[in-house]
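Structure first, commentary second.
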Amino acid sequence: MALNPTDLFDIRSLLSEEERMIQDSVARFTDEKVLPIIGDCFDQGRFPKELVPEIAAMGLLGSSLPEKYGCANLNAVSYGLICQELERGDSGIRSFVSVQSSLCMYPIYAYGSEEQRMKYLPGMARGEIIGCFGLTEPHGGSDPANMKTTAKKDGGDWVINGAKMWITNGGVADIAIVWAQTDEGIQGFIVEKGTKGFATQDVHKKMSLRASVTSALFFDSVRVPDSQRLPNVKGLKGPLGCLTQARYGITWGPIGAAIASYTSALEYAKERVLFNRPIAATQAVQLKLADMARRITLAQLLSLQLGRLKDAGTMQPAQVSMAKWNNCRMALDISREARDILGGAGITTEHPPIRHALNLESVITYEGTETVHQLVIGREVTGINAF
Ligand code: TGC
Ligand code: FAD
C-alpha cells in the first residue's frame, strides 16, 4: 500500500481518537474558512478578525485550561495539532491563537488571582476579550532581563512607564499583559485598553505576518490598581514561563506551514512538464521533495514526543528550544525550496509557499531567535552560559 506523502510514518496512528477528531475539525476550518481568504488578507495586510468568533466557538482559545473558566481542557498534543492545522492556513492565524492562549490566558491562569481568572478568562475563551503580551522592548528583545519599562508603587496603585515593540494583536487587543521592572523584580500587569496614558501604534510596511496585527505599546504614567498586578510570580521566570507554553505550540505550527508548502510543490512538480516530462520525474526535484518529506517526518516525531512529555509533566524548556529551532528552520527551508520548485509562479500569493516563507521569517525570530535557542542548547550540553 502506498504511504501517505504527508505522514510517511503513520504518525496519525499514534494519536488518540479525540486528538484525531480535533485535528480533523481544525483542518476543516482551515480548508473552508482560512484558505479561501488568506491570500487576499496577506496582500491587503489585513487580520481576518471575522474568524475569531468561530475560532472561539470551536474551543481553540485557551484550549488547555480548565472548563471552570469556559475552556476546553484539552491535552498538550491536541493544542499542538490545533497550532499545526491553523498554521497550515497561515502563521498569522496561529499567532493569534498562540498569543491569546499561551501568552495571555496562561499567565492569568497560572499567576493571577481567582478574581482575575473569573474576570477575564471566560470572555477571552469566547473571543470577546482579546489579549496581547508585552515583553519585547525597542532596544533588544533577546535580552528581556534588561527591560526599561518600570512600574512604581504609588499608594495602592502602580504607575507604568515605558514602551514595548513588535507586539502581536497590540492594536486589536482589549487587554495587555505587560511585564515591567519593579523594586521587587519583574512583575506582570493587566492593562485594559482605554486606560489613561496607554496607547498603541500598528507597525506597517511588514513583509511578513501581514495577516496579523503587530504593534508598539506606549505607557505614559499609566496608573493601574494593585488588583491588576499578577500576584503569583516575580522575576524573569514569569514571562519566560509563558514563552515555554507558546514556544511549545510554535514547534507544531511550522509543521503545518511546511506541509502546505511541500504539498503545493509536490502537486506542481507532477503537473509541470519541461523537456518532455514532469519535473517530478527528474532526480533533482525528487531529491528536494524527498528531503522535505524526511524533514517534515522528523519534525512531526519531535513535536509529538515533546507533547507527550508535556502531558506527562516532564517537558524541559531546553527540549522546547531544540524543537522550536529545528521545526522553524525545517519549515523556512522547505517553504523557500517549494517556492523555487514553482518557478516564477512561486513568487505570487496565488500559491502558498512564498507567503509561508515570508511568515516564517518572523516565526524563526519571535519567541526566541534561532541563535537564542541554539545557545540554550549549547548551555544545556556544556553547562556554560554563552549569552
Ligand atoms: P535565565 O537566567 O536563564 O533565567 C531567568 C529565570 O527564568 C527561568 N527560566 C525559565 N523559566 C521558564 N521557561 C523558560 N524557558 C525559562 N528559561 C529560564 C530560570 O530558571 C530563572 O529562574 P530563577 O528562579 O532562577 O530566577 O535568564 P537570562 O537572562 O540568562 O535569559 C536567558 C534567555 C536569553 C534564554 C532568555 O532571556 C530568552 O529566552 N530570550 C528570548 C526572549 C524571547 O523569546 N522573547 C519573546 C517575546 S514574546 C514573542 O515573541 C511573542 S510572538 C508570539 C506570536 O505572535 O505567536
Ligand atoms: P535582537 O534581540 O536585537 O537580536 C538581533 C540579532 O542578534 C538576532 O539575530 C539575534 O539572534 C542575535 N543575538 C541576540 N543575542 C545574541 C547572542 N548572545 N549571541 C549572538 N547573537 C545574538 N514580542 C513580544 O513581547 N510580544 C509579542 O507578541 C511579539 N510578537 C512579535 C511578532 C512579530 C511579527 C515579530 C517579528 C516579533 C514579535 N515579538 C514579540 C518580538 C520578538 O520576540 C523579538 O523580535 C525577538 O525576541 C528578537 O528580539 P529583537 O527583534 O529585538 O532582536
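Convention: chains lettered A, B, ... in C-alpha cells order; per-chain residue numbering from 1; ligands numbered from 1 as shown.
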Task: Residues near Pro231 of chain A, cut-off 9 Å, only C-alpha atoms, skip fewer than 5 positions along chain, as a list in words - done: Tyr111, Gly112, Ser113, Gln187, Gly188 and Asp226 of chain A
Open item on the list: Using only C-alpha atoms, which protein or nucleic acid residues come within 7 Å of segment 265-267 of chain A? Drop anything in the same chain fewer than 5 positions from it, and give the result as number ranges by chain.
Closed with: A: 289, 338, 341-342
Would you save the residues from that selection as a JSON list (two decimals), in the first residue's frame, using C-alpha atoms?
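So selection10.json came out as:
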[["chain", "number", "residue", "atom", "x", "y", "z"],
["A", 289, "LEU", "CA", 10.79, 16.53, -2.36],
["A", 338, "ALA", "CA", 8.99, 24.87, -2.55],
["A", 341, "ILE", "CA", 10.10, 24.43, -7.49],
["A", 342, "LEU", "CA", 7.17, 26.62, -8.54]]
Task: 7 Å contact set for Phe198 of chain A, only C-alpha atoms, chain neighbours under 2 positions out, as a list in words - done: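 The residues satisfying every condition are Gly194, Thr195, Lys196, Phe218, Phe219, Asp220 and Val222 of chain A.
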Task: Nearest-residue call for ligand 2, choices A:Ala199, A:Met165, A:Leu217, A:Leu135, using only C-alpha atoms and all ligand atoms - done: A:Leu135
TODO: Quick one: everything within 10 Å of Pro5 of chain A, counting only C-alpha atoms, minus sequence neighbours fewer than 3 positions away in the same chain. Send it as a count of residues only.
DONE: 12
Task: Ile93 of chain A environment, 10 Å, only C-alpha atoms, sequence neighbours closer than 4 positions dropped, as an MDAnalysis selection string - done: chainID A and resid 30 34 38 47:49 51:52 55 83 86:89 97:98 209 211:212
With N, CA and C atoms retained, could you export that selection as a PDB file, in the first residue's frame?
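Dumped to out-v5.pdb:
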ATOM      1  N   THR A  30      -9.711  25.270   8.581  1.00  0.00           N
ATOM      2  CA  THR A  30      -8.656  25.901   7.766  1.00  0.00           C
ATOM      3  C   THR A  30      -8.999  25.796   6.281  1.00  0.00           C
ATOM      4  N   VAL A  34     -10.251  29.523   6.186  1.00  0.00           N
ATOM      5  CA  VAL A  34      -8.999  30.294   6.132  1.00  0.00           C
ATOM      6  C   VAL A  34      -8.439  30.334   4.708  1.00  0.00           C
ATOM      7  N   ILE A  38      -7.141  33.807   2.763  1.00  0.00           N
ATOM      8  CA  ILE A  38      -5.911  34.226   3.425  1.00  0.00           C
ATOM      9  C   ILE A  38      -4.909  34.907   2.475  1.00  0.00           C
ATOM     10  N   PHE A  47      -5.771  41.490   9.163  1.00  0.00           N
ATOM     11  CA  PHE A  47      -6.041  40.356  10.051  1.00  0.00           C
ATOM     12  C   PHE A  47      -7.525  40.009   9.954  1.00  0.00           C
ATOM     13  N   PRO A  48      -7.878  38.767   9.609  1.00  0.00           N
ATOM     14  CA  PRO A  48      -9.304  38.425   9.438  1.00  0.00           C
ATOM     15  C   PRO A  48     -10.003  38.234  10.783  1.00  0.00           C
ATOM     16  N   LYS A  49     -10.306  39.354  11.416  1.00  0.00           N
ATOM     17  CA  LYS A  49     -10.900  39.317  12.757  1.00  0.00           C
ATOM     18  C   LYS A  49     -12.266  38.622  12.752  1.00  0.00           C
ATOM     19  N   LEU A  51     -12.964  35.875  11.745  1.00  0.00           N
ATOM     20  CA  LEU A  51     -12.855  34.441  12.047  1.00  0.00           C
ATOM     21  C   LEU A  51     -12.828  34.157  13.551  1.00  0.00           C
ATOM     22  N   VAL A  52     -12.606  35.215  14.359  1.00  0.00           N
ATOM     23  CA  VAL A  52     -12.411  34.994  15.801  1.00  0.00           C
ATOM     24  C   VAL A  52     -13.606  34.298  16.465  1.00  0.00           C
ATOM     25  N   ILE A  55     -13.385  30.620  15.736  1.00  0.00           N
ATOM     26  CA  ILE A  55     -12.221  30.036  16.420  1.00  0.00           C
ATOM     27  C   ILE A  55     -12.572  29.811  17.895  1.00  0.00           C
ATOM     28  N   CYS A  83      -2.442  24.077  16.598  1.00  0.00           N
ATOM     29  CA  CYS A  83      -1.457  25.025  16.038  1.00  0.00           C
ATOM     30  C   CYS A  83      -1.008  24.584  14.645  1.00  0.00           C
ATOM     31  N   LEU A  86      -3.866  25.204  12.099  1.00  0.00           N
ATOM     32  CA  LEU A  86      -4.092  26.638  11.842  1.00  0.00           C
ATOM     33  C   LEU A  86      -2.946  27.216  11.011  1.00  0.00           C
ATOM     34  N   GLU A  87      -1.728  26.791  11.298  1.00  0.00           N
ATOM     35  CA  GLU A  87      -0.591  27.366  10.567  1.00  0.00           C
ATOM     36  C   GLU A  87      -0.455  26.772   9.170  1.00  0.00           C
ATOM     37  N   ARG A  88      -1.126  25.653   8.921  1.00  0.00           N
ATOM     38  CA  ARG A  88      -1.222  25.168   7.539  1.00  0.00           C
ATOM     39  C   ARG A  88      -1.988  26.220   6.731  1.00  0.00           C
ATOM     40  N   GLY A  89      -2.860  26.951   7.425  1.00  0.00           N
ATOM     41  CA  GLY A  89      -3.538  28.090   6.792  1.00  0.00           C
ATOM     42  C   GLY A  89      -2.609  29.282   6.719  1.00  0.00           C
ATOM     43  N   VAL A  97      -3.935  32.755  17.963  1.00  0.00           N
ATOM     44  CA  VAL A  97      -4.354  31.761  18.961  1.00  0.00           C
ATOM     45  C   VAL A  97      -3.248  31.524  19.997  1.00  0.00           C
ATOM     46  N   SER A  98      -1.992  31.507  19.551  1.00  0.00           N
ATOM     47  CA  SER A  98      -0.862  31.329  20.492  1.00  0.00           C
ATOM     48  C   SER A  98      -0.827  32.442  21.521  1.00  0.00           C
ATOM     49  N   LEU A 209       4.051  38.054   8.156  1.00  0.00           N
ATOM     50  CA  LEU A 209       2.881  38.078   9.047  1.00  0.00           C
ATOM     51  C   LEU A 209       1.958  39.249   8.732  1.00  0.00           C
ATOM     52  N   ALA A 211      -1.044  39.054   7.680  1.00  0.00           N
ATOM     53  CA  ALA A 211      -2.432  38.820   8.099  1.00  0.00           C
ATOM     54  C   ALA A 211      -2.531  38.802   9.624  1.00  0.00           C
ATOM     55  N   SER A 212      -1.625  39.510  10.274  1.00  0.00           N
ATOM     56  CA  SER A 212      -1.611  39.580  11.739  1.00  0.00           C
ATOM     57  C   SER A 212      -1.296  41.017  12.125  1.00  0.00           C
TER      58      SER A 212
END
TODO: Check the smallest atom-to-atom distance from each of A:Gly170, A:Pro352, A:Pro225, A:Gly368 to Lys152 of chain A using only C-alpha atoms, then report the winner.
DONE: A:Pro225
- [ ] Write out as a VMD selection string the residues lying within 8 Å of Gln374 of chain A, counting only C-alpha atoms and excluding same-chain residues fewer than 3 positions away.
- [x] chain A and resid 321 to 322 325 370 to 371 377 to 378
- [ ] Give the alpha helix (DSSP H) residues of segment 63-242 of chain A, as DSSP finds them on the backbone, and put them as number ranges by chain.
- [x] A: 76-89, 91-98, 106-111, 114-125, 237-242
- [ ] Step by step, measure atom-to-atom distances between ligand 2 and each residue using only C-alpha atoms and all ligand atoms, keep those at most 8 Å, then write them as JSON, numbers by chain.
- [x] {"A": [99, 132, 133, 134, 135, 136, 137, 138, 139, 140, 141, 142, 143, 164, 165, 166, 167, 168, 169, 170, 208, 209, 212, 214, 361, 362, 363, 365, 366, 367, 368, 369, 370, 371, 372, 375, 386, 387]}
TODO: For atom CA of Leu35 of chain A and atom CA of Glu18 of chain A, quote the distance in Å rounded to one decimal.
DONE: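 So the two atoms, atom CA of Leu35 of chain A and atom CA of Glu18 of chain A, lie 24.4 Å apart.
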Open item on the list: Need the shell around Met147 of chain A: protein/DNA/RNA residues with any atom at most 7 Å away, counting only C-alpha atoms. Skip same-chain ones fewer than 2 positions apart. Format as an NGL selection string?
Closed with: :A and (137 or 144-145 or 149 or 181)
Kindly save the residues from that selection, with N, CA and C atoms included, as a CSV table (one decimal), in the first residue's frame.
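out_25.csv was written with the following content:
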chain,number,residue,atom,x,y,z
A,137,GLU,N,11.1,45.0,24.1
A,137,GLU,CA,11.3,46.4,24.1
A,137,GLU,C,12.1,46.8,22.9
A,144,PRO,N,15.5,40.1,27.6
A,144,PRO,CA,14.4,40.8,28.3
A,144,PRO,C,14.7,41.2,29.8
A,145,ALA,N,15.8,40.5,30.3
A,145,ALA,CA,16.2,40.9,31.7
A,145,ALA,C,16.6,42.3,31.8
A,149,THR,N,11.1,49.3,30.9
A,149,THR,CA,9.7,49.6,31.4
A,149,THR,C,9.6,49.4,32.9
A,181,GLN,N,9.7,46.3,35.2
A,181,GLN,CA,10.6,46.2,36.3
A,181,GLN,C,10.1,46.9,37.5
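Closest approach to Thr349 of chain A among A:Met58, A:Ile129, A:Ile11, A:Cys41 is made by A:Cys41 (distances from only C-alpha atoms).
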- [ ] Run DSSP on the backbone and grab whatever in segment 269-298 of chain A lands in strand (DSSP E or B); send it over as a PyMOL selection string.
- [x] chain A and resi 273-274+277-278
Given the selection you just returned, output its residues as a file containing N, CA and C atoms, formatted as a short mmCIF file (atom, residue, chain, number, x, y, z; two decimals), in the first residue's frame.
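Result file is result.cif:
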data_model
loop_
_atom_site.label_atom_id
_atom_site.label_comp_id
_atom_site.auth_asym_id
_atom_site.auth_seq_id
_atom_site.Cartn_x
_atom_site.Cartn_y
_atom_site.Cartn_z
N VAL A 273 5.33 20.18 -17.00
CA VAL A 273 6.08 19.38 -17.97
C VAL A 273 7.16 20.23 -18.63
N LEU A 274 8.39 19.83 -18.49
CA LEU A 274 9.52 20.53 -19.11
C LEU A 274 10.43 19.46 -19.71
N ARG A 277 8.89 15.87 -19.88
CA ARG A 277 8.49 15.04 -18.73
C ARG A 277 8.16 15.96 -17.56
N PRO A 278 7.32 15.48 -16.65
CA PRO A 278 7.04 16.31 -15.48
C PRO A 278 8.33 16.55 -14.70
#
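In terms of minimum interatomic distance to Ala125 of chain A, A:Pro53 ranks closest within A:Ser91, A:Pro53, A:Val159, A:Gly185, counting only C-alpha atoms.
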